[in-house]
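Have a look at the structure below, then the notes.
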Amino acid sequence: CYHQGDLNILQKIITNSNGSINSRLDSDSSGTIEPLELSIQKWDESRRLHYLWLYDINLSGALPDSIGELTNLDTLNLSYNQLSGSIPKSIGSLTNLKWLYLKLNKLSGAIPDSICNIYPHLLYFDIYENYLCPPYPACIPTGEIGGQNTSDCN
């Protein structure tokens with residue numbers, strides 16, 4: 001009954017983590033973490049993902065480029081994980097997003113300028129303690145970027 005596209009994105013997050021996700025989430029004891037077992041989720045009346053709280057569950061790997069297809073998402077918390085790679089440009093398509101937490105991961109590279117599509121509408125933005133490189137998008141005040149490890153930036 002849930003939106004298949006949203007479930008597919010959750011499955012990509014699981015697949016990219018390559019077995020590193022905390023096994024305590026396997027609520028049916030099948031030995032496999034399934035999309036609906038991923039921590040705290042709320043789905044709206046149209047069966048689209050509205051709230052995704054994947055805080056400190058040992059996610060790793062890259063965020064899927066398709067993350068921007070979670071168009072009904074209001075809250076996205078991926079903090080305190082081991083996510084790596086860049087923030088996908090598609091993040092700027094999450095126009096309903098009000099809360100974005102990406103702190104304490106291993107995200108690297110540039111923050112995509114597409115984030116300026118959503119930044120003015122965010123009530124909360126937390127991206128510190130990653131490996132994100134300047135220059136940062138002009139829409140985000142420098143103080144909002146927080147501490148970044150820029151030792152690998154060119």
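Lettering and numbering for the structure tokens are positional, with chains as A, B, ... in the shown order, residues counted from 1 in each chain, and ligands counted from 1 in the shown order.
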
Run DSSP on the backbone of this structure and report the residues of chain A it assigns to strand (DSSP E or B), as a ChimeraX atom specification.
/A:40-43,49-53,60-62,75-77,82-85,99-101,106-110,124-126,130-133,148

Can you pull out the residues contacting range 96-105 of chain A? Cut-off 7 Å, using only C-alpha atoms, and skip same-chain residues under 3 positions away; I want them as a count of residues only.
24

Near Pro112 in chain A, within 12 Å and counting only C-alpha atoms, which residues show up once chain neighbours fewer than 3 positions away are dropped, as a list in words?
Ser86, Ile87, Pro88, Lys89, Ser90, Ile91, Gly92, Ser93, Ser108, Gly109, Ile115, Cys116, Asn117, Ile118, Tyr119, Leu132, Cys133, Pro134, Pro135, Tyr136, Pro137, Ala138, Cys139 and Ile140 of chain A

Which one is closest to Ile33 in chain A: A:Leu52, A:Ile57, A:Ile67, A:Cys153? Count only C-alpha atoms.
A:Ile57

Rounded to one decimal, what separation in Å do you get between CA of Gly85 in chain A and CA of Lys106 in chain A?
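Distance reported for this atom pair: 7.3 Å.
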
My list of candidates is A:Glu34, A:Asp6, A:Asp113, A:Glu144. Which is closest to Leu70 in chain A when distances are computed with only C-alpha atoms?
A:Asp6

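The smallest atom-to-atom distance between Leu25 in chain A and any of A:Leu63, A:Leu107, A:Ile145, A:Leu38, using only C-alpha atoms, is found for A:Leu38.
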
Can you check which residues of range 53-108 of chain A DSSP gives as helix (DSSP H, G or I) on the backbone and send them as a PyMOL selection string?
chain A and resi 65-69+89-93

Expressed in Å, the length from CA of Asp152 in chain A to CA of Gly19 in chain A is 27.0 Å

Pick from A:Gly147, A:Ile111, A:Leu54, A:Leu49, whichever lies nearest to Ile21 in chain A using only C-alpha atoms:
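Result for the nearest residue to Ile21 in chain A: A:Leu54.
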
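Nearest residue to Asn22 in chain A, choosing from A:Asp65, A:Asp56, A:Tyr131, A:Leu7 and counting only C-alpha atoms: A:Asp56.
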
Identify which of the residues A:Leu10, A:Tyr2, A:Asn16, A:Asn154 lies closest to Ser39 in chain A, counting only C-alpha atoms when measuring atom-to-atom distances.
A:Leu10
